[in-house]
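What's in protein02.txt: compact mmCIF, C-alpha atoms
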# COMPACT_ATOMS: atom_id res chain seq x y z
CA MET A 477 0.00 0.00 0.00
CA PHE A 478 2.83 2.40 0.88
CA MET A 479 4.49 1.86 -2.51
CA LYS A 480 1.21 2.50 -4.31
CA GLU A 481 0.68 5.75 -2.39
CA LYS A 482 4.25 6.84 -3.12
CA HIS A 483 3.76 6.14 -6.84
CA THR A 484 0.52 8.15 -6.82
CA MET A 485 2.30 11.07 -5.11
CA HIS A 486 5.06 10.92 -7.73
CA ARG A 487 2.54 11.02 -10.57
CA THR A 488 0.70 13.92 -8.94
CA ALA A 489 3.91 15.91 -8.50
CA ALA A 490 4.87 15.22 -12.13
CA ARG A 491 1.47 16.45 -13.30
CA ILE A 492 1.80 19.59 -11.19
CA LEU A 493 5.24 20.30 -12.66
CA LYS A 494 3.92 19.82 -16.20
CA ILE A 495 1.10 22.29 -15.57
CA ALA A 496 3.50 24.71 -13.88
CA ARG A 497 5.76 24.70 -16.96
CA GLU A 498 2.81 25.63 -19.15
CA GLN A 499 1.70 28.38 -16.78
CA PHE A 500 5.13 29.96 -16.32
CA LEU A 501 5.79 29.89 -20.07
CA ALA A 502 2.43 31.50 -20.83
CA GLN A 503 2.57 34.21 -18.15
CA SER A 504 5.11 36.16 -16.14
CA TYR A 505 6.31 34.73 -12.84
CA ALA A 506 4.36 37.36 -10.91
CA ASP A 507 1.11 36.57 -12.74
CA VAL A 508 1.14 32.83 -12.05
CA THR A 509 -0.63 31.87 -8.82
CA MET A 510 -0.73 28.65 -6.84
CA ASP A 511 -4.53 28.74 -7.19
CA GLN A 512 -4.18 28.68 -10.99
CA ILE A 513 -1.74 25.78 -10.88
CA ALA A 514 -3.90 23.81 -8.45
CA GLY A 515 -6.98 24.31 -10.61
CA ALA A 516 -5.25 23.38 -13.86
CA ALA A 517 -3.59 20.33 -12.25
CA LYS A 518 -6.90 19.27 -10.68
CA VAL A 519 -5.55 19.09 -7.15
CA THR A 520 -6.66 20.89 -4.03
CA LYS A 521 -4.62 23.83 -2.84
CA GLY A 522 -3.72 21.78 0.23
CA GLY A 523 -2.60 18.95 -2.02
CA LEU A 524 -0.45 21.36 -4.01
CA TYR A 525 1.24 22.69 -0.86
CA HIS A 526 1.76 19.12 0.31
CA HIS A 527 4.13 18.64 -2.64
CA PHE A 528 5.60 22.16 -2.87
CA ALA A 529 6.08 24.69 -0.05
CA GLY A 530 5.19 27.64 -2.27
CA LYS A 531 5.41 29.16 -5.73
CA GLU A 532 9.13 29.83 -5.54
CA ALA A 533 9.86 26.29 -4.34
CA LEU A 534 7.73 24.86 -7.16
CA TYR A 535 9.47 27.09 -9.72
CA LEU A 536 12.90 26.02 -8.46
CA VAL A 537 12.08 22.30 -8.61
CA MET A 538 10.67 22.76 -12.12
CA MET A 539 13.74 24.63 -13.38
CA GLN A 540 16.26 22.40 -11.61
CA ALA A 541 14.65 19.27 -13.08
CA ASP A 542 14.82 20.76 -16.58
CA LEU A 543 18.41 21.95 -16.20
CA SER A 544 19.47 18.57 -14.83
CA GLU A 545 18.13 16.91 -17.99
CA LYS A 546 19.92 19.46 -20.16
CA ASN A 547 23.13 18.95 -18.19
CA GLN A 548 23.13 15.22 -18.98
CA LEU A 549 22.20 15.82 -22.61
CA PHE A 550 24.84 18.47 -23.31
CA ASN A 551 27.55 16.59 -21.42
CA LYS A 552 27.57 14.05 -24.25
CA ALA A 553 29.16 16.73 -26.43
CA VAL A 554 31.77 17.49 -23.75
CA VAL A 555 32.98 13.91 -23.38
CA MET A 556 32.79 12.86 -27.04
CA GLU A 557 35.83 12.56 -29.30
CA GLY A 558 36.28 15.21 -31.98
CA SER A 559 37.34 18.76 -32.68
CA CYS A 560 36.05 21.81 -30.84
CA ARG A 561 33.83 22.64 -33.82
CA GLN A 562 32.40 19.11 -33.97
CA ARG A 563 31.62 19.08 -30.26
CA LEU A 564 29.99 22.52 -30.31
CA GLU A 565 27.98 21.40 -33.32
CA THR A 566 26.77 18.35 -31.38
CA LEU A 567 25.80 20.52 -28.43
CA ALA A 568 23.96 23.02 -30.65
CA ARG A 569 22.09 20.23 -32.43
CA SER A 570 21.12 18.71 -29.08
CA PHE A 571 19.63 22.03 -27.98
CA LEU A 572 17.82 22.65 -31.27
CA ALA A 573 16.37 19.12 -31.25
CA LEU A 574 14.62 19.75 -27.93
CA PRO A 575 10.86 20.39 -27.98
CA ALA A 576 10.08 24.10 -28.24
CA GLN A 577 8.80 24.23 -24.65
CA GLN A 578 12.08 22.87 -23.28
CA ARG A 579 14.11 25.31 -25.39
CA ARG A 580 12.07 28.21 -24.05
CA LEU A 581 12.42 27.20 -20.40
CA ALA A 582 16.07 28.29 -20.24
CA GLY A 583 14.99 31.78 -21.28
CA LEU A 584 12.82 32.08 -18.15
CA ILE A 585 15.97 32.43 -16.06
CA ARG A 586 16.81 35.83 -17.52
CA ARG A 587 13.17 36.90 -17.30
CA ASP A 588 12.53 35.82 -13.72
CA ILE A 589 15.88 35.83 -11.92
CA ASN A 590 15.39 39.21 -10.24
CA THR A 591 11.95 38.26 -8.89
CA LEU A 592 13.34 35.40 -6.80
CA SER A 593 14.88 35.49 -3.34
CA GLU A 594 18.67 35.67 -3.05
CA GLY A 595 18.96 32.02 -2.06
CA ALA A 596 16.76 30.87 -4.93
CA ARG A 597 18.72 33.04 -7.40
CA GLN A 598 21.98 31.46 -6.33
CA GLN A 599 20.60 27.92 -6.61
CA LEU A 600 19.15 28.59 -10.03
CA MET A 601 22.28 30.22 -11.40
CA ARG A 602 24.46 27.35 -10.17
CA CYS A 603 22.20 24.87 -11.96
CA TYR A 604 22.13 26.94 -15.14
CA GLN A 605 25.88 27.50 -15.10
CA SER A 606 26.52 23.78 -14.72
CA ALA A 607 24.01 22.79 -17.40
CA LEU A 608 25.10 25.14 -20.19
CA PRO A 609 27.87 27.77 -19.88
CA ASP A 610 30.30 25.53 -17.98
CA GLN A 611 29.97 22.78 -20.56
CA VAL A 612 30.39 25.12 -23.53
CA ARG A 613 33.34 26.72 -21.72
CA SER A 614 34.94 23.29 -21.25
CA ILE A 615 34.73 22.59 -24.99
CA ILE A 616 36.13 26.02 -25.86
CA GLU A 617 39.01 25.65 -23.38
CA HIS A 618 39.86 22.31 -24.98
CA GLY A 619 39.80 24.03 -28.38
CA ILE A 620 42.21 26.69 -27.12
CA ARG A 621 44.61 24.07 -25.75
CA ALA A 622 44.43 22.20 -29.08
CA ARG A 623 45.07 25.52 -30.89
CA GLU A 624 41.80 25.27 -32.81
CA ILE A 625 40.79 28.59 -31.25
CA ARG A 626 43.05 31.54 -30.45
CA PRO A 627 43.49 32.34 -26.75
CA ILE A 628 40.35 34.17 -25.63
CA ASP A 629 38.28 34.43 -22.47
CA ALA A 630 36.51 31.07 -22.59
CA ARG A 631 33.78 32.12 -20.16
CA LEU A 632 32.80 35.14 -22.23
CA ALA A 633 33.03 33.11 -25.44
CA SER A 634 30.73 30.46 -23.97
CA PHE A 635 28.01 33.03 -23.31
CA CYS A 636 28.45 34.42 -26.83
CA PHE A 637 28.01 30.96 -28.32
CA ILE A 638 24.89 30.27 -26.24
CA SER A 639 23.42 33.62 -27.26
CA LEU A 640 23.94 32.80 -30.94
CA VAL A 641 22.14 29.48 -30.58
CA GLU A 642 19.27 30.95 -28.57
CA HIS A 643 18.74 33.81 -31.03
CA CYS A 644 18.35 31.28 -33.84
CA VAL A 645 15.12 30.07 -32.22
CA SER A 646 13.70 33.57 -31.76
CA HIS A 647 10.74 34.56 -33.94
CA HIS A 648 13.05 36.31 -36.40
CA GLY A 649 15.59 33.49 -36.29
CA GLU A 650 12.93 30.94 -37.16
CA ARG A 651 11.85 33.05 -40.14
CA VAL A 652 15.28 33.49 -41.69
CA LEU A 653 16.71 30.11 -40.62
CA PRO A 654 13.78 27.68 -40.85
CA THR A 655 15.76 24.42 -40.71
CA GLU A 656 18.04 23.01 -38.02
CA ALA A 657 20.87 22.66 -40.53
CA GLN A 658 20.65 26.36 -41.43
CA LYS A 659 20.68 27.36 -37.76
CA VAL A 660 23.70 25.19 -36.93
CA SER A 661 25.62 26.39 -39.99
CA PHE A 662 24.88 30.04 -39.16
CA VAL A 663 26.01 29.67 -35.54
CA LEU A 664 29.22 27.76 -36.29
CA ASP A 665 30.25 29.95 -39.22
CA LEU A 666 29.66 33.15 -37.26
CA PHE A 667 31.38 31.84 -34.14
CA PHE A 668 34.44 30.39 -35.87
CA THR A 669 34.79 32.66 -38.91
CA GLY A 670 33.00 35.91 -38.08
CA VAL A 671 31.18 38.16 -40.50
CA THR A 672 34.07 39.14 -42.76
CA ASP A 673 33.46 38.47 -46.44
CA LYS A 674 36.64 36.61 -47.32
CA THR A 675 35.76 36.62 -51.03
CA GLY A 676 36.24 40.38 -51.14
CA ILE A 677 39.65 40.43 -49.41
CA THR A 678 42.87 40.38 -51.38
CA VAL A 679 45.87 38.30 -50.35
CA GLU A 680 47.74 41.51 -49.45
CA GLN A 681 44.90 42.68 -47.18
CA GLU A 682 44.62 39.31 -45.47
CA THR A 683 48.35 39.12 -44.67
CA SER A 684 48.88 42.76 -43.77
Do you think you could lay out the structure here as structure tokens?
Amino acid sequence: MFMKEKHTMHRTAARILKIAREQFLAQSYADVTMDQIAGAAKVTKGGLYHHFAGKEALYLVMMQADLSEKNQLFNKAVVMEGSCRQRLETLARSFLALPAQQRRLAGLIRRDINTLSEGARQQLMRCYQSALPDQVRSIIEHGIRAREIRPIDARLASFCFISLVEHCVSHHGERVLPTEAQKVSFVLDLFFTGVTDKTGITVEQETS
């Protein structure tokens, strides 16, 4: 009986988290209420608070669970064999292959971070840092050591790379780069080559 009750509680918590994701993606953090989540999840308010101490606690569990999944997914690019470019391509493809809802969840951190308590902010940023920037930074640092990339600040470069990928799934990015292949090619070419039109540069200009 205890195992059955525990399984039911797990399913209820999972349903609550699914509804919470939908609510927080559709509205601002401030506009989402525990009453709304309880109603949409078809649980009593008491039942909701039995699983989660409050809105901030629910939000943190939701985001930490998502970032933990992303951490495991993106780590495959960190540990794989291959060049810096190949590993960053694998990571970018992994992100772009995620369902749209999961891609958008990471963006909530920038939107909501200042509305959370100091302790919650620190927890969330540690999870985010571990899931994405630290892993991109690790690949870039390997690329620098292998002399595939010139010596640069790997932390700053990691945030630049992430920004490029995320902007490809913006409304404008989706319009001009409708396929995954176009998005990946755009990100890698811009990150590794820049925006210079090499076809218009003479040999003298390039070596001067």
What lies within 9 Å of stretch 586-598 of chain A using all atoms listed in the file, ignoring chain neighbours under 4 positions off, as number ranges by chain? A: 504-506, 532-533, 536, 582, 602-603
Please produce a file of the residues just selected, as a JSON list (two decimals), keeping the file's coordinate frame, where the atoms kept are C-alpha atoms.
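Saved file result.json follows:
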[["chain", "number", "residue", "atom", "x", "y", "z"],
["A", 504, "SER", "CA", 5.11, 36.16, -16.14],
["A", 505, "TYR", "CA", 6.31, 34.73, -12.84],
["A", 506, "ALA", "CA", 4.36, 37.36, -10.91],
["A", 532, "GLU", "CA", 9.13, 29.83, -5.54],
["A", 533, "ALA", "CA", 9.86, 26.29, -4.34],
["A", 536, "LEU", "CA", 12.90, 26.02, -8.46],
["A", 582, "ALA", "CA", 16.07, 28.29, -20.24],
["A", 602, "ARG", "CA", 24.46, 27.35, -10.17],
["A", 603, "CYS", "CA", 22.20, 24.87, -11.96]]
Among A:Thr655, A:Ile620, A:Val508, A:Ala490, A:Ala573 is approached most closely, using all atoms listed in the file, by A:Thr655
Env of stretch 540-546 of chain A: 9 Å cut, atoms = all atoms listed in the file, seq-sep filter 6 positions within chain, self excluded. Answer as a PDB file with C-alpha atoms, keeping the file's coordinate frame.
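Saved result, result35.pdb, follows:
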ATOM      1  CA  PHE A 571      19.630  22.030 -27.980  1.00  0.00           C
ATOM      2  CA  GLN A 578      12.080  22.870 -23.280  1.00  0.00           C
ATOM      3  CA  LEU A 581      12.420  27.200 -20.400  1.00  0.00           C
ATOM      4  CA  ALA A 582      16.070  28.290 -20.240  1.00  0.00           C
ATOM      5  CA  GLN A 599      20.600  27.920  -6.610  1.00  0.00           C
ATOM      6  CA  LEU A 600      19.150  28.590 -10.030  1.00  0.00           C
ATOM      7  CA  CYS A 603      22.200  24.870 -11.960  1.00  0.00           C
ATOM      8  CA  TYR A 604      22.130  26.940 -15.140  1.00  0.00           C
ATOM      9  CA  SER A 606      26.520  23.780 -14.720  1.00  0.00           C
ATOM     10  CA  ALA A 607      24.010  22.790 -17.400  1.00  0.00           C
ATOM     11  CA  LEU A 608      25.100  25.140 -20.190  1.00  0.00           C
TER      12      LEU A 608
END
> Do you have the atom CA of A:Arg491-atom CA of A:Leu524 distance handy?
Replying inline: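 Between atom CA of A:Arg491 and atom CA of A:Leu524 the gap is 10.7 Å.
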Could you tell me which of A:Tyr535, A:Phe550, A:Phe528, A:Phe667 comes closest to A:Ser614 if we count only C-alpha atoms?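 Closest to A:Ser614 of all the choices is A:Phe550.
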From atom CA of A:Leu653 to atom CA of A:Ala630 the spacing works out at 26.8 Å
Judged by all atoms listed in the file, the minimum distance to A:Arg569 among A:Asp665, A:Pro627, A:Leu549, A:Leu584 is found for A:Leu549
Checklist line | Non-local contacts of A:Leu564 (9 Å; only C-alpha atoms; under 5 positions in same chain excluded) as a PyMOL selection string | finding: chain A and resi 553-554+559+569+612+615-616+637+664
Find the residue from A:Ile625, A:Val652, A:Ala489, A:Leu666 that sits nearest to A:His526; use all atoms listed in the file when measuring.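 Closest to A:His526, using all atoms listed in the file: A:Ala489.
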One residue among A:Thr672, A:Gln512, A:Gln503, A:Gln611 is nearest to A:Lys552 when using all atoms listed in the file, and that residue is A:Gln611
Check your understanding: Quick one, how far is atom CA of A:Lys494 from atom CA of A:Val641?
Key ->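 Taking atom CA of A:Lys494 and atom CA of A:Val641, their separation equals 25.1 Å.
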Self-check item: Selected residue, from A:Val663, A:Ala657, A:Ala529, A:Ile628, that lies nearest to A:Glu642 when counting all atoms listed in the file
Solution: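 Closest residue, counting all atoms listed in the file: A:Val663.
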Which residues of stretch 524-609 of chain A have any atom within 12 Å of an atom in stretch 646-651 of chain A when counting all atoms listed in the file, and what is the closest pair of atoms for each, with the distance in Å to one decimal? Order the rows by chain and rising number and write it as CSV.
residue,atom,partner,partner_atom,distance
A:Leu572,CA,A:Glu650,CA,11.3
A:Ala576,CA,A:Ser646,CA,10.7
A:Arg579,CA,A:Ser646,CA,10.4
A:Arg580,CA,A:Ser646,CA,9.5
A:Gly583,CA,A:Ser646,CA,10.7
